[in-house]
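S.K.: Contents of start03.pdb (PDB, N, CA and C atoms):
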```pdb
ATOM      1  N   MET A  25      -6.680  14.626  29.295
ATOM      2  CA  MET A  25      -6.664  13.177  29.293
ATOM      3  C   MET A  25      -5.962  12.704  28.037
ATOM      4  N   ALA A  26      -4.919  11.989  28.178
ATOM      5  CA  ALA A  26      -4.182  11.476  27.035
ATOM      6  C   ALA A  26      -4.788  10.147  26.592
ATOM      7  N   VAL A  27      -4.873   9.975  25.292
ATOM      8  CA  VAL A  27      -5.365   8.713  24.754
ATOM      9  C   VAL A  27      -4.156   7.818  24.548
ATOM     10  N   ASN A  28      -3.983   6.889  25.453
ATOM     11  CA  ASN A  28      -2.839   6.010  25.382
ATOM     12  C   ASN A  28      -3.262   4.655  24.836
ATOM     13  N   LEU A  29      -3.042   4.462  23.566
ATOM     14  CA  LEU A  29      -3.263   3.154  22.977
ATOM     15  C   LEU A  29      -1.963   2.377  23.116
ATOM     16  N   THR A  30      -2.075   1.129  23.474
ATOM     17  CA  THR A  30      -0.874   0.322  23.627
ATOM     18  C   THR A  30      -0.245   0.065  22.268
ATOM     19  N   LYS A  31       1.010  -0.325  22.290
ATOM     20  CA  LYS A  31       1.729  -0.637  21.046
ATOM     21  C   LYS A  31       1.022  -1.763  20.299
ATOM     22  N   GLU A  32       0.480  -2.723  21.043
ATOM     23  CA  GLU A  32      -0.214  -3.852  20.416
ATOM     24  C   GLU A  32      -1.489  -3.388  19.711
ATOM     25  N   GLN A  33      -2.222  -2.464  20.351
ATOM     26  CA  GLN A  33      -3.441  -1.943  19.737
ATOM     27  C   GLN A  33      -3.111  -1.172  18.467
ATOM     28  N   GLN A  34      -2.070  -0.347  18.526
ATOM     29  CA  GLN A  34      -1.672   0.413  17.347
ATOM     30  C   GLN A  34      -1.206  -0.519  16.232
ATOM     31  N   ALA A  35      -0.412  -1.536  16.585
ATOM     32  CA  ALA A  35       0.074  -2.486  15.586
ATOM     33  C   ALA A  35      -1.087  -3.229  14.940
ATOM     34  N   GLU A  36      -2.102  -3.567  15.727
ATOM     35  CA  GLU A  36      -3.264  -4.260  15.193
ATOM     36  C   GLU A  36      -4.043  -3.371  14.217
ATOM     37  N   ILE A  37      -4.199  -2.106  14.562
ATOM     38  CA  ILE A  37      -4.902  -1.169  13.680
ATOM     39  C   ILE A  37      -4.151  -1.022  12.362
ATOM     40  N   PHE A  38      -2.821  -0.828  12.444
ATOM     41  CA  PHE A  38      -2.035  -0.661  11.219
ATOM     42  C   PHE A  38      -1.984  -1.947  10.418
ATOM     43  N   LYS A  39      -2.005  -3.089  11.079
ATOM     44  CA  LYS A  39      -2.004  -4.363  10.356
ATOM     45  C   LYS A  39      -3.318  -4.553   9.600
ATOM     46  N   GLN A  40      -4.420  -4.169  10.237
ATOM     47  CA  GLN A  40      -5.732  -4.347   9.625
ATOM     48  C   GLN A  40      -5.967  -3.363   8.480
ATOM     49  N   TYR A  41      -5.578  -2.115   8.663
ATOM     50  CA  TYR A  41      -5.906  -1.093   7.671
ATOM     51  C   TYR A  41      -4.729  -0.650   6.813
ATOM     52  N   GLY A  42      -3.499  -0.772   7.330
ATOM     53  CA  GLY A  42      -2.340  -0.267   6.607
ATOM     54  C   GLY A  42      -1.573  -1.320   5.832
ATOM     55  N   GLY A  43      -1.951  -2.586   5.967
ATOM     56  CA  GLY A  43      -1.255  -3.643   5.249
ATOM     57  C   GLY A  43      -0.309  -4.424   6.130
ATOM     58  N   SER A  44       0.530  -3.737   6.918
ATOM     59  CA  SER A  44       1.402  -4.410   7.873
ATOM     60  C   SER A  44       1.535  -3.530   9.099
ATOM     61  N   GLU A  45       1.966  -4.142  10.194
ATOM     62  CA  GLU A  45       2.071  -3.365  11.431
ATOM     63  C   GLU A  45       3.216  -2.372  11.411
ATOM     64  N   LYS A  46       4.159  -2.542  10.486
ATOM     65  CA  LYS A  46       5.285  -1.607  10.368
ATOM     66  C   LYS A  46       4.957  -0.421   9.461
ATOM     67  N   ASN A  47       3.857  -0.504   8.710
ATOM     68  CA  ASN A  47       3.485   0.534   7.753
ATOM     69  C   ASN A  47       2.667   1.620   8.453
ATOM     70  N   THR A  48       3.322   2.365   9.328
ATOM     71  CA  THR A  48       2.610   3.375  10.109
ATOM     72  C   THR A  48       2.357   4.663   9.327
ATOM     73  N   GLY A  49       2.907   4.787   8.142
ATOM     74  CA  GLY A  49       2.729   5.998   7.358
ATOM     75  C   GLY A  49       1.591   5.919   6.365
ATOM     76  N   SER A  50       0.924   4.768   6.281
ATOM     77  CA  SER A  50      -0.163   4.648   5.307
ATOM     78  C   SER A  50      -1.325   5.547   5.710
ATOM     79  N   VAL A  51      -1.942   6.138   4.719
ATOM     80  CA  VAL A  51      -3.054   7.052   4.972
ATOM     81  C   VAL A  51      -4.214   6.303   5.621
ATOM     82  N   GLU A  52      -4.488   5.112   5.131
ATOM     83  CA  GLU A  52      -5.598   4.326   5.681
ATOM     84  C   GLU A  52      -5.373   3.984   7.152
ATOM     85  N   GLY A  53      -4.150   3.609   7.486
ATOM     86  CA  GLY A  53      -3.829   3.285   8.873
ATOM     87  C   GLY A  53      -3.925   4.489   9.784
ATOM     88  N   GLN A  54      -3.459   5.641   9.307
ATOM     89  CA  GLN A  54      -3.540   6.855  10.117
ATOM     90  C   GLN A  54      -4.984   7.273  10.347
ATOM     91  N   ILE A  55      -5.821   7.148   9.320
ATOM     92  CA  ILE A  55      -7.237   7.490   9.472
ATOM     93  C   ILE A  55      -7.895   6.558  10.487
ATOM     94  N   ALA A  56      -7.578   5.273  10.422
ATOM     95  CA  ALA A  56      -8.144   4.311  11.367
ATOM     96  C   ALA A  56      -7.684   4.607  12.793
ATOM     97  N   LEU A  57      -6.414   4.973  12.943
ATOM     98  CA  LEU A  57      -5.893   5.305  14.268
ATOM     99  C   LEU A  57      -6.569   6.559  14.825
ATOM    100  N   PHE A  58      -6.718   7.579  13.991
ATOM    101  CA  PHE A  58      -7.409   8.797  14.425
ATOM    102  C   PHE A  58      -8.854   8.477  14.814
ATOM    103  N   THR A  59      -9.509   7.595  14.057
ATOM    104  CA  THR A  59     -10.895   7.240  14.353
ATOM    105  C   THR A  59     -10.997   6.569  15.715
ATOM    106  N   LYS A  60     -10.079   5.676  16.023
ATOM    107  CA  LYS A  60     -10.078   5.009  17.332
ATOM    108  C   LYS A  60      -9.869   6.031  18.446
ATOM    109  N   ARG A  61      -8.918   6.951  18.259
ATOM    110  CA  ARG A  61      -8.659   7.974  19.269
ATOM    111  C   ARG A  61      -9.864   8.897  19.441
ATOM    112  N   ILE A  62     -10.554   9.212  18.343
ATOM    113  CA  ILE A  62     -11.744  10.068  18.396
ATOM    114  C   ILE A  62     -12.851   9.374  19.184
ATOM    115  N   GLU A  63     -13.016   8.072  18.989
ATOM    116  CA  GLU A  63     -14.030   7.321  19.738
ATOM    117  C   GLU A  63     -13.757   7.363  21.238
ATOM    118  N   VAL A  64     -12.490   7.159  21.605
ATOM    119  CA  VAL A  64     -12.126   7.167  23.024
ATOM    120  C   VAL A  64     -12.362   8.551  23.636
ATOM    121  N   LEU A  65     -11.951   9.594  22.933
ATOM    122  CA  LEU A  65     -12.148  10.955  23.447
ATOM    123  C   LEU A  65     -13.630  11.320  23.523
ATOM    124  N   SER A  66     -14.421  10.875  22.567
ATOM    125  CA  SER A  66     -15.859  11.170  22.587
ATOM    126  C   SER A  66     -16.529  10.532  23.799
ATOM    127  N   ASN A  67     -16.145   9.291  24.083
ATOM    128  CA  ASN A  67     -16.703   8.624  25.265
ATOM    129  C   ASN A  67     -16.271   9.324  26.548
ATOM    130  N   HIS A  68     -15.035   9.788  26.589
ATOM    131  CA  HIS A  68     -14.552  10.521  27.763
ATOM    132  C   HIS A  68     -15.340  11.816  27.949
ATOM    133  N   LEU A  69     -15.614  12.510  26.852
ATOM    134  CA  LEU A  69     -16.331  13.790  26.952
ATOM    135  C   LEU A  69     -17.793  13.623  27.333
ATOM    136  N   LYS A  70     -18.369  12.453  27.070
ATOM    137  CA  LYS A  70     -19.746  12.218  27.500
ATOM    138  C   LYS A  70     -19.846  12.211  29.019
ATOM    139  N   GLU A  71     -18.780  11.720  29.672
ATOM    140  CA  GLU A  71     -18.781  11.673  31.129
ATOM    141  C   GLU A  71     -18.222  12.954  31.747
ATOM    142  N   ASN A  72     -17.281  13.604  31.054
ATOM    143  CA  ASN A  72     -16.600  14.789  31.592
ATOM    144  C   ASN A  72     -16.818  15.968  30.645
ATOM    145  N   ARG A  73     -17.970  16.575  30.754
ATOM    146  CA  ARG A  73     -18.360  17.616  29.816
ATOM    147  C   ARG A  73     -17.488  18.874  29.902
ATOM    148  N   LYS A  74     -16.875  19.135  31.021
ATOM    149  CA  LYS A  74     -16.125  20.373  31.194
ATOM    150  C   LYS A  74     -14.638  20.225  30.912
ATOM    151  N   ASP A  75     -14.232  19.128  30.337
ATOM    152  CA  ASP A  75     -12.816  18.906  30.015
ATOM    153  C   ASP A  75     -12.514  19.578  28.673
ATOM    154  N   HIS A  76     -12.179  20.859  28.742
ATOM    155  CA  HIS A  76     -12.013  21.646  27.526
ATOM    156  C   HIS A  76     -10.738  21.308  26.766
ATOM    157  N   SER A  77      -9.694  20.897  27.448
ATOM    158  CA  SER A  77      -8.470  20.515  26.737
ATOM    159  C   SER A  77      -8.701  19.236  25.933
ATOM    160  N   CYS A  78      -9.505  18.347  26.468
ATOM    161  CA  CYS A  78      -9.853  17.124  25.740
ATOM    162  C   CYS A  78     -10.708  17.470  24.517
ATOM    163  N   ARG A  79     -11.612  18.413  24.673
ATOM    164  CA  ARG A  79     -12.462  18.835  23.566
ATOM    165  C   ARG A  79     -11.621  19.453  22.440
ATOM    166  N   ARG A  80     -10.636  20.236  22.817
ATOM    167  CA  ARG A  80      -9.743  20.844  21.827
ATOM    168  C   ARG A  80      -8.952  19.772  21.082
ATOM    169  N   THR A  81      -8.453  18.786  21.810
ATOM    170  CA  THR A  81      -7.732  17.676  21.190
ATOM    171  C   THR A  81      -8.638  16.910  20.235
ATOM    172  N   LEU A  82      -9.872  16.695  20.647
ATOM    173  CA  LEU A  82     -10.832  15.991  19.803
ATOM    174  C   LEU A  82     -11.069  16.744  18.498
ATOM    175  N   LEU A  83     -11.261  18.050  18.591
ATOM    176  CA  LEU A  83     -11.494  18.847  17.387
ATOM    177  C   LEU A  83     -10.273  18.855  16.473
ATOM    178  N   THR A  84      -9.088  18.858  17.061
ATOM    179  CA  THR A  84      -7.858  18.791  16.273
ATOM    180  C   THR A  84      -7.767  17.483  15.515
ATOM    181  N   LEU A  85      -8.080  16.376  16.196
ATOM    182  CA  LEU A  85      -8.028  15.061  15.551
ATOM    183  C   LEU A  85      -9.058  14.947  14.437
ATOM    184  N   VAL A  86     -10.236  15.494  14.668
ATOM    185  CA  VAL A  86     -11.273  15.448  13.632
ATOM    186  C   VAL A  86     -10.822  16.217  12.396
ATOM    187  N   GLY A  87     -10.177  17.355  12.596
ATOM    188  CA  GLY A  87      -9.670  18.147  11.475
ATOM    189  C   GLY A  87      -8.567  17.426  10.714
ATOM    190  N   LYS A  88      -7.657  16.788  11.450
ATOM    191  CA  LYS A  88      -6.588  16.032  10.792
ATOM    192  C   LYS A  88      -7.153  14.867   9.992
ATOM    193  N   ARG A  89      -8.124  14.163  10.599
ATOM    194  CA  ARG A  89      -8.734  13.026   9.899
ATOM    195  C   ARG A  89      -9.463  13.495   8.648
ATOM    196  N   LYS A  90     -10.129  14.630   8.732
ATOM    197  CA  LYS A  90     -10.840  15.170   7.574
ATOM    198  C   LYS A  90      -9.873  15.484   6.444
ATOM    199  N   GLY A  91      -8.724  16.074   6.782
ATOM    200  CA  GLY A  91      -7.720  16.362   5.765
ATOM    201  C   GLY A  91      -7.194  15.101   5.096
ATOM    202  N   LEU A  92      -6.934  14.072   5.893
ATOM    203  CA  LEU A  92      -6.460  12.810   5.320
ATOM    204  C   LEU A  92      -7.535  12.139   4.472
ATOM    205  N   LEU A  93      -8.787  12.239   4.916
ATOM    206  CA  LEU A  93      -9.883  11.656   4.124
ATOM    207  C   LEU A  93     -10.035  12.382   2.789
ATOM    208  N   ASN A  94      -9.907  13.702   2.791
ATOM    209  CA  ASN A  94      -9.981  14.461   1.542
ATOM    210  C   ASN A  94      -8.837  14.076   0.609
ATOM    211  N   TYR A  95      -7.649  13.910   1.172
ATOM    212  CA  TYR A  95      -6.487  13.493   0.380
ATOM    213  C   TYR A  95      -6.729  12.117  -0.237
ATOM    214  N   LEU A  96      -7.234  11.182   0.562
ATOM    215  CA  LEU A  96      -7.480   9.830   0.062
ATOM    216  C   LEU A  96      -8.573   9.831  -0.999
ATOM    217  N   ALA A  97      -9.592  10.666  -0.826
ATOM    218  CA  ALA A  97     -10.671  10.734  -1.808
ATOM    219  C   ALA A  97     -10.167  11.240  -3.151
ATOM    220  N   LYS A  98      -9.238  12.205  -3.115
ATOM    221  CA  LYS A  98      -8.680  12.717  -4.368
ATOM    222  C   LYS A  98      -7.731  11.708  -5.004
ATOM    223  N   ARG A  99      -6.989  10.969  -4.177
ATOM    224  CA  ARG A  99      -5.983  10.055  -4.672
ATOM    225  C   ARG A  99      -6.577   8.744  -5.171
ATOM    226  N   ASP A 100      -7.501   8.153  -4.393
ATOM    227  CA  ASP A 100      -8.076   6.860  -4.760
ATOM    228  C   ASP A 100      -9.480   6.768  -4.172
ATOM    229  N   ILE A 101     -10.486   7.058  -4.985
ATOM    230  CA  ILE A 101     -11.867   7.121  -4.501
ATOM    231  C   ILE A 101     -12.383   5.754  -4.068
ATOM    232  N   ILE A 102     -11.899   4.691  -4.685
ATOM    233  CA  ILE A 102     -12.367   3.348  -4.332
ATOM    234  C   ILE A 102     -11.895   2.967  -2.926
ATOM    235  N   LYS A 103     -10.616   3.202  -2.635
ATOM    236  CA  LYS A 103     -10.096   2.926  -1.288
ATOM    237  C   LYS A 103     -10.796   3.803  -0.249
ATOM    238  N   TYR A 104     -11.068   5.041  -0.621
ATOM    239  CA  TYR A 104     -11.769   5.958   0.270
ATOM    240  C   TYR A 104     -13.134   5.402   0.651
ATOM    241  N   ARG A 105     -13.899   4.968  -0.330
ATOM    242  CA  ARG A 105     -15.245   4.439  -0.062
ATOM    243  C   ARG A 105     -15.200   3.156   0.751
ATOM    244  N   GLU A 106     -14.222   2.291   0.470
ATOM    245  CA  GLU A 106     -14.084   1.058   1.247
ATOM    246  C   GLU A 106     -13.748   1.367   2.703
ATOM    247  N   LEU A 107     -12.846   2.327   2.902
ATOM    248  CA  LEU A 107     -12.402   2.658   4.257
ATOM    249  C   LEU A 107     -13.526   3.268   5.089
ATOM    250  N   ILE A 108     -14.275   4.183   4.518
ATOM    251  CA  ILE A 108     -15.342   4.793   5.313
ATOM    252  C   ILE A 108     -16.476   3.806   5.577
ATOM    253  N   ASP A 109     -16.651   2.821   4.690
ATOM    254  CA  ASP A 109     -17.618   1.767   4.979
ATOM    255  C   ASP A 109     -17.137   0.895   6.137
ATOM    256  N   GLN A 110     -15.849   0.546   6.130
ATOM    257  CA  GLN A 110     -15.298  -0.290   7.197
ATOM    258  C   GLN A 110     -15.338   0.423   8.540
ATOM    259  N   LEU A 111     -15.005   1.700   8.546
ATOM    260  CA  LEU A 111     -14.953   2.454   9.798
ATOM    261  C   LEU A 111     -16.315   3.003  10.207
ATOM    262  N   GLY A 112     -17.218   3.131   9.245
ATOM    263  CA  GLY A 112     -18.561   3.644   9.543
ATOM    264  C   GLY A 112     -18.544   5.092   9.967
ATOM    265  N   ILE A 113     -17.802   5.944   9.242
ATOM    266  CA  ILE A 113     -17.675   7.316   9.700
ATOM    267  C   ILE A 113     -18.430   8.340   8.869
ATOM    268  N   ARG A 114     -18.791   8.019   7.659
ATOM    269  CA  ARG A 114     -19.546   8.977   6.840
ATOM    270  C   ARG A 114     -20.622   8.242   6.070
ATOM    271  N   ASN A 115     -21.642   9.013   5.705
ATOM    272  CA  ASN A 115     -22.672   8.474   4.832
ATOM    273  C   ASN A 115     -22.368   8.914   3.415
ATOM    274  N   ILE A 116     -22.348   7.960   2.502
ATOM    275  CA  ILE A 116     -22.062   8.295   1.097
ATOM    276  C   ILE A 116     -23.381   8.431   0.363
ATOM    277  N   ARG A 117     -23.496   9.491  -0.395
ATOM    278  CA  ARG A 117     -24.657   9.665  -1.258
ATOM    279  C   ARG A 117     -24.392   8.919  -2.546
ATOM    280  N   LYS A 118     -25.295   8.025  -2.863
ATOM    281  CA  LYS A 118     -25.100   7.211  -4.081
ATOM    282  C   LYS A 118     -26.034   7.625  -5.169
TER     283      LYS A 118
END
```
Please rewrite the model in this file as structure tokens.
M.R.:
Amino acid sequence: MAVNLTKEQQAEIFKQYGGSEKNTGSVEGQIALFTKRIEVLSNHLKENRKDHSCRRTLLTLVGKRKGLLNYLAKRDIIKYRELIDQLGIRNIRK
């Protein structure tokens, strides 16, 4: 199952998190896009438990997002904490 987000949805995500809709290379925008795709795939897998190719894609996206999150945490910890609060993807120990 391919996760087909429309151009408008992608532009909206990059506008909200990346600064502008043309800034598709921003780390924050890519993390937000991966998070949206992960949500869609997770919902699909709840209904279709035996879709192993979808599960593999999901695990790949989670790994890519983790790498980008680690990069952002090393580069700018404040932006990292703001982003994970906005997306609601990790619990921060304070």
S.K.: Between A:Ile62, A:Gly43, A:Ile113, A:Leu57, single out the one closest to Lys31 (chain A), counting only C-alpha atoms.
M.R.: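 Selected residue with least distance to Lys31 (chain A): A:Leu57.
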S.K.: I need the residues in chain A that are helix (DSSP H, G or I) according to DSSP; give them as an MDAnalysis selection string.
M.R.: chainID A and resid 31:42 51:71 76:99 101:111
S.K.: So that I can check the surroundings of Leu93 (chain A), please list as a PyMOL selection string every protein, DNA and RNA residue that reaches within 12 Å of it, counting only C-alpha atoms and ignoring chain neighbours fewer than 5 positions away.
M.R.: chain A and resi 51-56+58-59+86-88+98-101+103-108+111+113-114
S.K.: If I take atom N of Leu65 (chain A) and atom N of Leu82 (chain A), how far is one from the other in Å, to one decimal?
M.R.: 7.7 Å
S.K.: Find the smallest box with edges along x, y and z containing every listed atom of region 91-103 of chain A, then add 6 Å on each side and report centre and edge lengths in Å to one decimal, as JSON.
M.R.:
```
{"center_x": -9.2, "center_y": 9.6, "center_z": 0.8, "size_x": 18.4, "size_y": 25.4, "size_z": 24.0}
```
